[in-house]
$ cat my_file-v3.cif   # mmCIF, C-alpha atoms
data_data
#
loop_
_atom_site.label_atom_id
_atom_site.label_comp_id
_atom_site.auth_asym_id
_atom_site.auth_seq_id
_atom_site.Cartn_x
_atom_site.Cartn_y
_atom_site.Cartn_z
CA MET A 1 48.06 33.09 -11.45
CA THR A 2 49.59 36.14 -9.79
CA ASP A 3 50.54 36.45 -6.14
CA PRO A 4 48.26 38.58 -3.99
CA SER A 5 49.31 42.14 -3.35
CA PRO A 6 51.42 42.64 -0.24
CA ARG A 7 49.33 43.21 2.88
CA LEU A 8 50.13 43.90 6.51
CA GLU A 9 47.76 43.68 9.47
CA GLN A 10 48.67 44.58 13.06
CA ASP A 11 46.63 44.60 16.26
CA PHE A 12 48.04 46.50 19.22
CA LYS A 13 47.20 48.89 22.07
CA SER A 14 47.23 52.64 21.50
CA MET A 15 45.60 55.81 22.85
CA GLY A 16 44.21 53.90 25.80
CA GLY A 17 42.45 51.15 23.85
CA PRO A 18 42.67 48.47 21.16
CA ALA A 19 44.06 49.51 17.79
CA ARG A 20 44.27 47.92 14.35
CA LEU A 21 46.30 48.88 11.31
CA VAL A 22 45.86 47.41 7.83
CA LEU A 23 48.17 48.36 4.97
CA ASN A 24 47.99 47.26 1.35
CA SER A 25 50.64 47.71 -1.30
CA THR A 26 50.81 46.82 -4.98
CA HIS A 27 53.43 44.97 -6.95
CA ARG A 28 54.21 48.25 -8.68
CA GLN A 29 54.61 50.21 -5.45
CA LYS A 30 56.59 47.65 -3.43
CA LEU A 31 56.21 49.67 -0.25
CA ASP A 32 58.08 48.68 2.91
CA LEU A 33 54.95 48.04 4.92
CA GLU A 34 56.79 46.99 8.08
CA ASN A 35 58.67 50.28 8.15
CA ILE A 36 55.50 52.28 7.48
CA ALA A 37 53.71 50.48 10.31
CA LYS A 38 56.63 51.22 12.61
CA GLN A 39 56.42 54.92 11.79
CA VAL A 40 52.66 54.96 12.36
CA ARG A 41 52.98 53.30 15.74
CA SER A 42 55.81 55.66 16.75
CA LEU A 43 53.58 58.61 15.85
CA LEU A 44 50.69 57.23 17.90
CA GLU A 45 52.96 56.65 20.88
CA ALA A 46 54.28 60.21 20.66
CA LEU A 47 50.75 61.64 20.57
CA GLU A 48 49.65 59.52 23.52
CA ALA A 49 52.72 60.61 25.49
CA ARG A 50 51.88 64.24 24.71
CA TYR A 51 48.15 64.29 25.38
CA SER A 52 47.24 61.52 27.82
CA ARG A 53 46.26 62.72 31.28
CA TYR A 54 47.58 59.37 32.54
CA ARG A 55 51.15 60.25 31.51
CA VAL A 56 52.72 62.42 34.23
CA GLU A 57 55.04 64.14 31.76
CA SER A 58 52.38 64.92 29.13
CA ILE A 59 51.59 68.55 28.34
CA VAL A 60 48.10 67.93 29.72
CA SER A 61 49.46 66.64 33.04
CA VAL A 62 51.92 69.53 33.32
CA ILE A 63 49.10 72.06 32.83
CA ASN A 64 46.95 70.25 35.40
CA GLN A 65 49.77 69.97 37.94
CA ARG A 66 50.29 73.74 37.74
CA ALA A 67 46.63 74.58 38.38
CA GLY A 68 46.38 77.42 40.88
CA SER A 69 50.16 77.99 40.95
CA GLY A 70 50.18 81.12 38.79
CA VAL A 71 52.64 79.43 36.42
CA PHE A 72 51.62 79.60 32.75
CA THR A 73 52.46 76.74 30.38
CA GLU A 74 53.59 77.40 26.81
CA VAL A 75 51.85 75.16 24.30
CA ASP A 76 53.06 74.32 20.79
CA PRO A 77 51.01 75.16 17.66
CA GLU A 78 49.62 71.61 17.40
CA THR A 79 48.30 71.74 20.96
CA GLN A 80 47.02 75.27 20.40
CA ALA A 81 45.00 73.99 17.44
CA LEU A 82 43.43 71.19 19.51
CA LEU A 83 42.62 73.60 22.33
CA GLY A 84 41.20 76.04 19.80
CA LEU A 85 38.89 73.32 18.50
CA ALA A 86 37.86 72.51 22.08
CA GLY A 87 36.95 76.16 22.56
CA ARG A 88 34.88 76.28 19.37
CA LEU A 89 33.04 73.11 20.37
CA TRP A 90 32.37 74.55 23.84
CA ASP A 91 30.87 77.62 22.21
CA ALA A 92 28.89 75.74 19.55
CA SER A 93 27.49 73.27 22.07
CA GLY A 94 26.41 75.95 24.52
CA GLY A 95 28.98 74.72 27.03
CA LEU A 96 28.06 71.02 26.90
CA PHE A 97 31.45 70.05 25.47
CA ASP A 98 33.92 71.17 28.11
CA ILE A 99 37.43 69.73 28.44
CA THR A 100 37.60 71.05 32.04
CA SER A 101 34.81 68.75 33.30
CA GLY A 102 37.21 66.15 34.76
CA PRO A 103 36.65 67.18 38.42
CA LEU A 104 33.14 65.75 38.14
CA ARG A 105 34.80 62.34 38.55
CA GLN A 106 34.85 63.22 42.26
CA ALA A 107 31.08 62.64 42.24
CA TRP A 108 30.87 59.90 39.61
CA ASP A 109 33.48 57.14 39.53
CA PHE A 110 32.81 54.76 36.64
CA ARG A 111 35.71 52.44 37.36
CA ALA A 112 34.92 48.82 38.26
CA GLU A 113 34.89 49.48 42.01
CA GLY A 114 33.59 53.03 41.71
CA GLY A 115 30.34 54.61 42.81
CA ALA A 116 28.26 57.77 42.94
CA ASN A 117 28.52 60.59 45.47
CA PRO A 118 26.30 63.45 44.27
CA ALA A 119 27.14 65.40 47.43
CA GLN A 120 30.44 66.20 45.70
CA ILE A 121 28.79 67.78 42.64
CA GLU A 122 28.61 71.35 43.91
CA SER A 123 32.28 71.58 44.86
CA ALA A 124 33.32 69.83 41.63
CA LEU A 125 31.26 72.18 39.46
CA ALA A 126 33.19 75.13 40.91
CA LEU A 127 36.27 73.69 39.20
CA VAL A 128 34.58 73.30 35.81
CA GLY A 129 34.42 75.96 33.11
CA TRP A 130 36.30 76.47 29.86
CA GLU A 131 35.81 80.21 30.27
CA GLN A 132 37.94 80.13 33.45
CA ILE A 133 41.13 79.23 31.57
CA GLU A 134 43.60 82.12 31.57
CA TRP A 135 45.71 82.86 28.49
CA GLN A 136 48.84 84.90 27.91
CA GLY A 137 49.61 84.65 24.22
CA SER A 138 50.26 80.95 23.54
CA SER A 139 50.54 80.08 27.25
CA LEU A 140 47.71 79.06 29.54
CA HIS A 141 46.99 78.59 33.22
CA LEU A 142 44.20 76.99 35.23
CA PRO A 143 43.50 79.55 37.98
CA THR A 144 42.12 77.24 40.70
CA PRO A 145 43.83 74.25 42.37
CA GLY A 146 42.02 71.09 41.35
CA MET A 147 41.05 72.33 37.89
CA GLU A 148 42.13 70.15 35.00
CA ILE A 149 41.83 69.72 31.27
CA ASP A 150 41.37 66.44 29.41
CA LEU A 151 41.81 66.14 25.64
CA GLY A 152 40.54 62.56 25.63
CA GLY A 153 37.47 63.61 23.66
CA LEU A 154 39.62 64.78 20.76
CA ALA A 155 43.06 63.16 20.94
CA LYS A 156 42.12 59.69 19.67
CA GLU A 157 40.39 60.98 16.56
CA TYR A 158 43.20 63.48 15.96
CA ALA A 159 45.67 60.60 16.21
CA ALA A 160 43.76 58.62 13.57
CA ASP A 161 43.84 61.59 11.19
CA SER A 162 47.54 62.14 11.91
CA ALA A 163 48.29 58.51 11.08
CA ILE A 164 46.39 58.84 7.81
CA SER A 165 48.32 62.02 6.93
CA LEU A 166 51.63 60.30 7.66
CA MET A 167 50.74 57.31 5.49
CA ARG A 168 49.64 59.52 2.62
CA ASN A 169 53.00 61.30 2.80
CA LEU A 170 54.63 57.86 2.54
CA THR A 171 52.66 57.26 -0.72
CA VAL A 172 50.30 54.71 0.80
CA THR A 173 47.17 54.37 -1.34
CA SER A 174 45.27 51.73 0.66
CA ALA A 175 45.13 51.69 4.46
CA MET A 176 42.83 51.52 7.45
CA ILE A 177 43.53 52.62 11.03
CA GLU A 178 41.15 51.82 13.88
CA LEU A 179 41.54 53.30 17.36
CA ALA A 180 39.02 51.97 19.88
CA GLY A 181 36.26 51.75 17.29
CA ASP A 182 36.96 54.97 15.40
CA VAL A 183 38.15 54.28 11.86
CA ALA A 184 39.91 56.29 9.16
CA THR A 185 40.84 55.02 5.70
CA ILE A 186 42.93 55.73 2.65
CA GLY A 187 41.53 54.62 -0.70
CA ASN A 188 39.81 51.25 -0.93
CA GLY A 189 40.57 47.87 0.60
CA ASP A 190 41.23 44.59 -1.20
CA ASN A 191 40.38 44.32 -4.88
CA ALA A 192 39.52 48.04 -5.10
CA VAL A 193 36.43 47.44 -2.92
CA PRO A 194 35.63 50.07 -0.25
CA TRP A 195 36.58 49.22 3.31
CA ARG A 196 33.68 47.57 5.16
CA VAL A 197 33.37 48.79 8.74
CA GLY A 198 30.80 47.66 11.28
CA ILE A 199 28.97 50.07 13.60
CA ARG A 200 28.80 48.52 17.04
CA ASP A 201 25.42 47.62 18.47
CA PRO A 202 25.21 49.32 21.90
CA ASP A 203 22.75 46.75 23.25
CA ILE A 204 24.15 43.36 22.19
CA ALA A 205 27.41 41.95 20.95
CA GLY A 206 27.88 42.51 17.24
CA SER A 207 27.23 45.23 14.69
CA LEU A 208 24.16 47.28 13.89
CA CYS A 209 25.19 47.55 10.27
CA THR A 210 28.19 47.83 7.98
CA VAL A 211 29.23 51.00 6.17
CA GLN A 212 31.58 51.30 3.22
CA LEU A 213 34.46 53.76 3.49
CA SER A 214 36.85 55.08 0.87
CA ASN A 215 39.07 58.03 1.84
CA ALA A 216 36.64 58.56 4.71
CA ALA A 217 36.31 58.10 8.46
CA ILE A 218 33.67 57.09 10.97
CA ALA A 219 33.57 57.84 14.70
CA THR A 220 31.13 56.63 17.32
CA SER A 221 30.35 58.18 20.67
CA GLY A 222 28.25 56.31 23.19
CA ASN A 223 26.90 56.38 26.71
CA TYR A 224 26.68 52.62 27.19
CA ALA A 225 30.18 51.21 27.72
CA ARG A 226 30.58 52.39 31.32
CA ARG A 227 27.54 52.61 33.56
CA ILE A 228 26.79 52.97 37.24
CA ASP A 229 23.79 52.11 39.45
CA PHE A 230 22.59 54.81 41.82
CA GLU A 231 19.36 54.69 43.81
CA GLY A 232 17.83 52.10 41.52
CA LYS A 233 18.68 53.84 38.26
CA GLN A 234 21.46 53.24 35.76
CA TYR A 235 23.54 56.19 34.57
CA GLY A 236 25.99 56.44 31.67
CA HIS A 237 29.46 57.93 31.96
CA LEU A 238 28.90 61.12 29.93
CA LEU A 239 28.51 63.99 32.41
CA SER A 240 26.94 67.41 31.96
CA PRO A 241 29.35 70.24 32.87
CA LYS A 242 26.28 72.36 33.60
CA THR A 243 24.46 70.17 36.12
CA GLY A 244 27.18 67.76 37.17
CA TRP A 245 24.82 64.82 36.55
CA PRO A 246 25.07 62.17 33.82
CA VAL A 247 23.36 63.26 30.62
CA GLU A 248 20.23 61.48 29.40
CA GLY A 249 20.81 61.63 25.68
CA PRO A 250 21.24 59.11 22.88
CA THR A 251 22.75 55.72 23.65
CA SER A 252 25.15 56.06 20.73
CA VAL A 253 25.83 58.24 17.71
CA SER A 254 28.01 57.43 14.69
CA VAL A 255 29.08 60.07 12.17
CA LEU A 256 30.90 59.87 8.83
CA ASP A 257 33.25 62.51 7.44
CA SER A 258 36.49 62.81 5.52
CA HIS A 259 38.25 63.46 8.86
CA CYS A 260 37.92 61.36 11.99
CA LEU A 261 38.35 64.40 14.24
CA THR A 262 35.33 66.16 12.74
CA ALA A 263 33.22 62.99 12.85
CA GLY A 264 34.17 62.35 16.47
CA ALA A 265 33.51 65.91 17.60
CA VAL A 266 30.04 65.95 16.02
CA ALA A 267 29.18 62.53 17.48
CA THR A 268 30.41 63.40 20.98
CA VAL A 269 28.51 66.68 21.17
CA ALA A 270 25.37 64.92 19.93
CA CYS A 271 25.59 62.44 22.82
CA LEU A 272 25.82 65.31 25.30
CA HIS A 273 22.47 66.69 24.14
CA ALA A 274 18.98 65.52 24.96
CA GLU A 275 17.77 63.29 22.13
CA LYS A 276 15.56 65.85 20.35
CA ASP A 277 18.37 68.42 20.52
CA ALA A 278 20.89 65.80 19.39
CA ARG A 279 18.88 65.30 16.20
CA ALA A 280 18.83 69.04 15.50
CA TRP A 281 22.60 69.22 16.11
CA LEU A 282 23.26 66.33 13.73
CA GLU A 283 20.99 67.69 11.03
CA HIS A 284 22.75 71.05 11.28
CA ALA A 285 26.14 69.34 10.90
CA ALA A 286 24.84 67.86 7.61
CA LEU A 287 26.99 64.70 7.75
CA PRO A 288 25.81 61.09 7.43
CA TRP A 289 24.83 59.84 10.90
CA LEU A 290 23.17 57.03 12.82
CA MET A 291 21.64 57.61 16.24
CA VAL A 292 20.41 54.94 18.64
CA SER A 293 17.98 56.36 21.18
CA SER A 294 17.75 55.31 24.82
CA ARG A 295 14.80 53.16 23.75
CA GLY A 296 16.79 51.43 21.02
CA LYS A 297 15.24 53.31 18.09
CA ARG A 298 17.58 53.90 15.15
CA SER A 299 17.39 57.07 13.08
CA GLY A 300 19.40 59.16 10.67
CA PRO A 301 20.56 58.96 7.04
CA ILE A 302 22.55 55.78 7.67
CA ALA A 303 19.52 54.12 9.30
CA ASP A 304 17.35 55.23 6.38
CA GLN A 305 19.83 53.68 3.97
CA MET A 306 19.75 50.45 5.99
CA ALA A 307 15.97 50.34 5.72
CA SER A 308 15.88 51.08 1.98
CA SER A 309 18.41 48.35 1.20
CA ALA A 310 16.74 45.74 3.43
#
$ encode --input "my_file-v3.cif" --output "structure tokens"
Amino acid sequence: MTDPSPRLEQDFKSMGGPARLVLNSTHRQKLDLENIAKQVRSLLEALEARYSRYRVESIVSVINQRAGSGVFTEVDPETQALLGLAGRLWDASGGLFDITSGPLRQAWDFRAEGGANPAQIESALALVGWEQIEWQGSSLHLPTPGMEIDLGGLAKEYAADSAISLMRNLTVTSAMIELAGDVATIGNGDNAVPWRVGIRDPDIAGSLCTVQLSNAAIATSGNYARRIDFEGKQYGHLLSPKTGWPVEGPTSVSVLDSHCLTAGAVATVACLHAEKDARAWLEHAALPWLMVSSRGKRSGPIADQMASSA
């Protein structure tokens, strides 16, 4: 009887939420899994320090602090690429995906003791608009005091892909990284069986279904985790940069792709659309998806596969 292949599992906090890393090695490889995990976690910490709006020294915070000052901020090629993707998503979504929509938190505070103040919407909307960002080469400036950018809709998925890239460069052939529910994988899991990943049920504790991943990723965007009561109606935390009000789209959308960043971008934009438009967006993206409507109805290729295998 042979010993099982080396395996390492770590649970920790990263990118503002729970994280999990699983690494497998083989007797032939004899990888230093502890050292690989240390490098992965160092990478994640560096990305969080660079892109979190909660870190006062992050590039995002520096840009926001200089809003209205006339001072342009030089951004590195990696940050330029993320901002470029944000711009393409803004354009493709007709302005629904907008990393400058943070000021709308003045009207909608989804923290535990928060509340709604729609009277603040008009003034907040004046500070929202990707098209307002000023560029000089690779430097940018937010022209109005109070404007801000937030890469939270992209940074977590980018971090998952970056971790996968790092591990591949370290010759890892079997790994899984999960960042707050978004998952990316290398190869298969134990015994050459694809990684089994549950898609969270937005209505009750547990999973809607389980998908199998091999060299693939899945990302879920939802409008159910943080909600607020206002005038007898519940609202989710996803806000429209056009109206300033919470969107009334799908409850959750999960998307599969070879890259977590692509899956997450497609899922997030879908949740910013009305449900019928979300379906058209997802069908155009042509990736496997599962959508849960506000009425709890499940649809999409993944849902169809669930039904056929039942």
$ resolve_selection --input "my_file-v3.cif" --expression "the PyMOL selection byres ((chain A and resi 68) around 12)" --output "MDAnalysis selection string"
chainID A and resid 63:67 69:72 127 132:134 140:148
$ residues_around --input "my_file-v3.cif" --residues "segment 163-177 of chain A" --least-positions-apart "2" --cutoff "8 Å" --atoms "only C-alpha atoms" --output "PDB file with C-alpha atoms, in the coordinates of the input"
ATOM      1  CA  ALA A  19      44.060  49.510  17.790  1.00  0.00           C
ATOM      2  CA  ARG A  20      44.270  47.920  14.350  1.00  0.00           C
ATOM      3  CA  LEU A  21      46.300  48.880  11.310  1.00  0.00           C
ATOM      4  CA  VAL A  22      45.860  47.410   7.830  1.00  0.00           C
ATOM      5  CA  LEU A  23      48.170  48.360   4.970  1.00  0.00           C
ATOM      6  CA  ASN A  24      47.990  47.260   1.350  1.00  0.00           C
ATOM      7  CA  SER A  25      50.640  47.710  -1.300  1.00  0.00           C
ATOM      8  CA  LEU A  31      56.210  49.670  -0.250  1.00  0.00           C
ATOM      9  CA  ILE A  36      55.500  52.280   7.480  1.00  0.00           C
ATOM     10  CA  VAL A  40      52.660  54.960  12.360  1.00  0.00           C
ATOM     11  CA  LEU A  43      53.580  58.610  15.850  1.00  0.00           C
ATOM     12  CA  LEU A  44      50.690  57.230  17.900  1.00  0.00           C
ATOM     13  CA  ALA A 159      45.670  60.600  16.210  1.00  0.00           C
ATOM     14  CA  ALA A 160      43.760  58.620  13.570  1.00  0.00           C
ATOM     15  CA  ASP A 161      43.840  61.590  11.190  1.00  0.00           C
ATOM     16  CA  LEU A 179      41.540  53.300  17.360  1.00  0.00           C
ATOM     17  CA  VAL A 183      38.150  54.280  11.860  1.00  0.00           C
ATOM     18  CA  ALA A 184      39.910  56.290   9.160  1.00  0.00           C
ATOM     19  CA  THR A 185      40.840  55.020   5.700  1.00  0.00           C
ATOM     20  CA  ILE A 186      42.930  55.730   2.650  1.00  0.00           C
ATOM     21  CA  GLY A 187      41.530  54.620  -0.700  1.00  0.00           C
ATOM     22  CA  ASN A 188      39.810  51.250  -0.930  1.00  0.00           C
ATOM     23  CA  GLY A 189      40.570  47.870   0.600  1.00  0.00           C
ATOM     24  CA  TRP A 195      36.580  49.220   3.310  1.00  0.00           C
TER      25      TRP A 195
END
$ resolve_selection --input "my_file-v3.cif" --expression "the PyMOL selection byres ((chain A and resi 270) around 8)" --output "PyMOL selection string"
chain A and resi 250+253+266-269+271-273+277-279+281-282
$ write_last_selection --input "my_file-v3.cif" --atoms "C-alpha atoms" --output "PDB file, keeping the file's coordinate frame"
ATOM      1  CA  PRO A 250      21.240  59.110  22.880  1.00  0.00           C
ATOM      2  CA  VAL A 253      25.830  58.240  17.710  1.00  0.00           C
ATOM      3  CA  VAL A 266      30.040  65.950  16.020  1.00  0.00           C
ATOM      4  CA  ALA A 267      29.180  62.530  17.480  1.00  0.00           C
ATOM      5  CA  THR A 268      30.410  63.400  20.980  1.00  0.00           C
ATOM      6  CA  VAL A 269      28.510  66.680  21.170  1.00  0.00           C
ATOM      7  CA  CYS A 271      25.590  62.440  22.820  1.00  0.00           C
ATOM      8  CA  LEU A 272      25.820  65.310  25.300  1.00  0.00           C
ATOM      9  CA  HIS A 273      22.470  66.690  24.140  1.00  0.00           C
ATOM     10  CA  ASP A 277      18.370  68.420  20.520  1.00  0.00           C
ATOM     11  CA  ALA A 278      20.890  65.800  19.390  1.00  0.00           C
ATOM     12  CA  ARG A 279      18.880  65.300  16.200  1.00  0.00           C
ATOM     13  CA  TRP A 281      22.600  69.220  16.110  1.00  0.00           C
ATOM     14  CA  LEU A 282      23.260  66.330  13.730  1.00  0.00           C
TER      15      LEU A 282
END
$ resolve_selection --input "my_file-v3.cif" --expression "the PyMOL selection byres ((chain A and resi 100) around 7)" --output "PyMOL selection string"
chain A and resi 98-99+101-102+128-130+147-150
$ atom_distance --input "my_file-v3.cif" --atom1 "atom CA of Thr220 of chain A" --atom2 "atom CA of Asp182 of chain A"
6.4 Å
$ atom_distance --input "my_file-v3.cif" --atom1 "atom CA of Pro6 of chain A" --atom2 "atom CA of Gln39 of chain A"
17.9 Å
$ atom_distance --input "my_file-v3.cif" --atom1 "atom CA of Ala116 of chain A" --atom2 "atom CA of Gly95 of chain A"
23.3 Å
$ residues_near_point --input "my_file-v3.cif" --point "(50.6, 63.9, 24.5)" --cutoff "12 Å" --atoms "only C-alpha atoms" --output "ChimeraX atom specification"
/A:15-16,43-63,75-76,78-79,82,150-152,154-156,158-159
$ residues_around --input "my_file-v3.cif" --residues "Trp289 of chain A" --least-positions-apart "4" --cutoff "12 Å" --atoms "all atoms listed in the file" --output "compact mmCIF listing (two decimals) with C-alpha atoms, in the coordinates of the input"
# COMPACT_ATOMS: atom_id res chain seq x y z
CA ILE A 199 28.97 50.07 13.60
CA VAL A 211 29.23 51.00 6.17
CA ALA A 217 36.31 58.10 8.46
CA ILE A 218 33.67 57.09 10.97
CA ALA A 219 33.57 57.84 14.70
CA THR A 220 31.13 56.63 17.32
CA SER A 221 30.35 58.18 20.67
CA SER A 252 25.15 56.06 20.73
CA VAL A 253 25.83 58.24 17.71
CA SER A 254 28.01 57.43 14.69
CA VAL A 255 29.08 60.07 12.17
CA LEU A 256 30.90 59.87 8.83
CA ASP A 257 33.25 62.51 7.44
CA ALA A 263 33.22 62.99 12.85
CA GLY A 264 34.17 62.35 16.47
CA VAL A 266 30.04 65.95 16.02
CA ALA A 267 29.18 62.53 17.48
CA ALA A 270 25.37 64.92 19.93
CA ALA A 278 20.89 65.80 19.39
CA ARG A 279 18.88 65.30 16.20
CA ALA A 280 18.83 69.04 15.50
CA TRP A 281 22.60 69.22 16.11
CA LEU A 282 23.26 66.33 13.73
CA GLU A 283 20.99 67.69 11.03
CA HIS A 284 22.75 71.05 11.28
CA ALA A 285 26.14 69.34 10.90
CA ARG A 298 17.58 53.90 15.15
CA SER A 299 17.39 57.07 13.08
CA GLY A 300 19.40 59.16 10.67
CA PRO A 301 20.56 58.96 7.04
CA ILE A 302 22.55 55.78 7.67
CA ALA A 303 19.52 54.12 9.30
CA ASP A 304 17.35 55.23 6.38
CA GLN A 305 19.83 53.68 3.97
CA MET A 306 19.75 50.45 5.99
$ residues_around --input "my_file-v3.cif" --residues "Glu231 of chain A" --least-positions-apart "4" --cutoff "12 Å" --atoms "all atoms listed in the file" --output "ChimeraX atom specification"
/A:115-118,235
$ residues_around --input "my_file-v3.cif" --residues "Leu104 of chain A" --least-positions-apart "4" --cutoff "8 Å" --atoms "only C-alpha atoms" --output "list of chain:residue names"
A:Trp108, A:Ile121, A:Ala124, A:Leu125, A:Leu239, A:Pro241, A:Gly244
$ closest_residue --input "my_file-v3.cif" --among "A:Gly232, A:Pro18, A:Gly181, A:His237" --to "Arg111 of chain A" --atoms "all atoms listed in the file"
A:His237
$ decode --input "my_file-v3.cif" --residues "segment 104-126 of chain A" --atoms "N, CA and C atoms" --output "PDB file, in the first residue's frame"
ATOM      1  N   LEU A 104     -22.542  56.526  -4.682  1.00  0.00           N
ATOM      2  CA  LEU A 104     -23.938  56.168  -4.424  1.00  0.00           C
ATOM      3  C   LEU A 104     -24.122  55.576  -3.029  1.00  0.00           C
ATOM      4  N   ARG A 105     -23.012  55.211  -2.381  1.00  0.00           N
ATOM      5  CA  ARG A 105     -23.115  54.733  -0.991  1.00  0.00           C
ATOM      6  C   ARG A 105     -23.611  55.843  -0.066  1.00  0.00           C
ATOM      7  N   GLN A 106     -23.548  57.092  -0.506  1.00  0.00           N
ATOM      8  CA  GLN A 106     -24.102  58.193   0.286  1.00  0.00           C
ATOM      9  C   GLN A 106     -25.614  58.037   0.452  1.00  0.00           C
ATOM     10  N   ALA A 107     -26.255  57.421  -0.542  1.00  0.00           N
ATOM     11  CA  ALA A 107     -27.704  57.239  -0.501  1.00  0.00           C
ATOM     12  C   ALA A 107     -28.106  55.861   0.014  1.00  0.00           C
ATOM     13  N   TRP A 108     -27.217  54.883  -0.175  1.00  0.00           N
ATOM     14  CA  TRP A 108     -27.546  53.502   0.201  1.00  0.00           C
ATOM     15  C   TRP A 108     -26.386  52.919   1.001  1.00  0.00           C
ATOM     16  N   ASP A 109     -26.609  52.734   2.296  1.00  0.00           N
ATOM     17  CA  ASP A 109     -25.574  52.202   3.173  1.00  0.00           C
ATOM     18  C   ASP A 109     -25.987  50.802   3.607  1.00  0.00           C
ATOM     19  N   PHE A 110     -25.301  49.792   3.053  1.00  0.00           N
ATOM     20  CA  PHE A 110     -25.694  48.407   3.305  1.00  0.00           C
ATOM     21  C   PHE A 110     -24.939  47.775   4.463  1.00  0.00           C
ATOM     22  N   ARG A 111     -24.254  48.588   5.249  1.00  0.00           N
ATOM     23  CA  ARG A 111     -23.631  48.054   6.450  1.00  0.00           C
ATOM     24  C   ARG A 111     -24.708  47.725   7.483  1.00  0.00           C
ATOM     25  N   ALA A 112     -24.311  47.000   8.532  1.00  0.00           N
ATOM     26  CA  ALA A 112     -25.281  46.486   9.506  1.00  0.00           C
ATOM     27  C   ALA A 112     -26.173  47.582  10.084  1.00  0.00           C
ATOM     28  N   GLU A 113     -25.612  48.743  10.365  1.00  0.00           N
ATOM     29  CA  GLU A 113     -26.390  49.826  10.955  1.00  0.00           C
ATOM     30  C   GLU A 113     -26.747  50.894   9.915  1.00  0.00           C
ATOM     31  N   GLY A 114     -26.659  50.534   8.654  1.00  0.00           N
ATOM     32  CA  GLY A 114     -26.884  51.506   7.587  1.00  0.00           C
ATOM     33  C   GLY A 114     -28.354  51.753   7.316  1.00  0.00           C
ATOM     34  N   GLY A 115     -28.610  52.488   6.231  1.00  0.00           N
ATOM     35  CA  GLY A 115     -29.985  52.800   5.862  1.00  0.00           C
ATOM     36  C   GLY A 115     -30.028  53.436   4.488  1.00  0.00           C
ATOM     37  N   ALA A 116     -31.208  53.846   4.092  1.00  0.00           N
ATOM     38  CA  ALA A 116     -31.411  54.447   2.768  1.00  0.00           C
ATOM     39  C   ALA A 116     -31.743  55.929   2.911  1.00  0.00           C
ATOM     40  N   ASN A 117     -31.191  56.723   2.016  1.00  0.00           N
ATOM     41  CA  ASN A 117     -31.473  58.156   1.974  1.00  0.00           C
ATOM     42  C   ASN A 117     -31.512  58.594   0.513  1.00  0.00           C
ATOM     43  N   PRO A 118     -32.577  58.254  -0.197  1.00  0.00           N
ATOM     44  CA  PRO A 118     -32.660  58.567  -1.631  1.00  0.00           C
ATOM     45  C   PRO A 118     -32.521  60.046  -1.956  1.00  0.00           C
ATOM     46  N   ALA A 119     -32.705  60.922  -0.975  1.00  0.00           N
ATOM     47  CA  ALA A 119     -32.542  62.349  -1.227  1.00  0.00           C
ATOM     48  C   ALA A 119     -31.112  62.685  -1.649  1.00  0.00           C
ATOM     49  N   GLN A 120     -30.180  61.775  -1.347  1.00  0.00           N
ATOM     50  CA  GLN A 120     -28.778  61.982  -1.684  1.00  0.00           C
ATOM     51  C   GLN A 120     -28.429  61.497  -3.092  1.00  0.00           C
ATOM     52  N   ILE A 121     -29.383  60.865  -3.783  1.00  0.00           N
ATOM     53  CA  ILE A 121     -29.072  60.242  -5.071  1.00  0.00           C
ATOM     54  C   ILE A 121     -28.618  61.273  -6.099  1.00  0.00           C
ATOM     55  N   GLU A 122     -29.330  62.367  -6.216  1.00  0.00           N
ATOM     56  CA  GLU A 122     -29.015  63.334  -7.265  1.00  0.00           C
ATOM     57  C   GLU A 122     -27.600  63.874  -7.136  1.00  0.00           C
ATOM     58  N   SER A 123     -27.203  64.260  -5.935  1.00  0.00           N
ATOM     59  CA  SER A 123     -25.858  64.798  -5.746  1.00  0.00           C
ATOM     60  C   SER A 123     -24.804  63.714  -5.939  1.00  0.00           C
ATOM     61  N   ALA A 124     -25.119  62.474  -5.552  1.00  0.00           N
ATOM     62  CA  ALA A 124     -24.167  61.375  -5.730  1.00  0.00           C
ATOM     63  C   ALA A 124     -23.980  61.043  -7.206  1.00  0.00           C
ATOM     64  N   LEU A 125     -25.075  61.063  -7.966  1.00  0.00           N
ATOM     65  CA  LEU A 125     -24.984  60.742  -9.394  1.00  0.00           C
ATOM     66  C   LEU A 125     -24.087  61.721 -10.145  1.00  0.00           C
ATOM     67  N   ALA A 126     -23.999  62.950  -9.660  1.00  0.00           N
ATOM     68  CA  ALA A 126     -23.135  63.943 -10.319  1.00  0.00           C
ATOM     69  C   ALA A 126     -21.662  63.554 -10.220  1.00  0.00           C
TER      70      ALA A 126
END
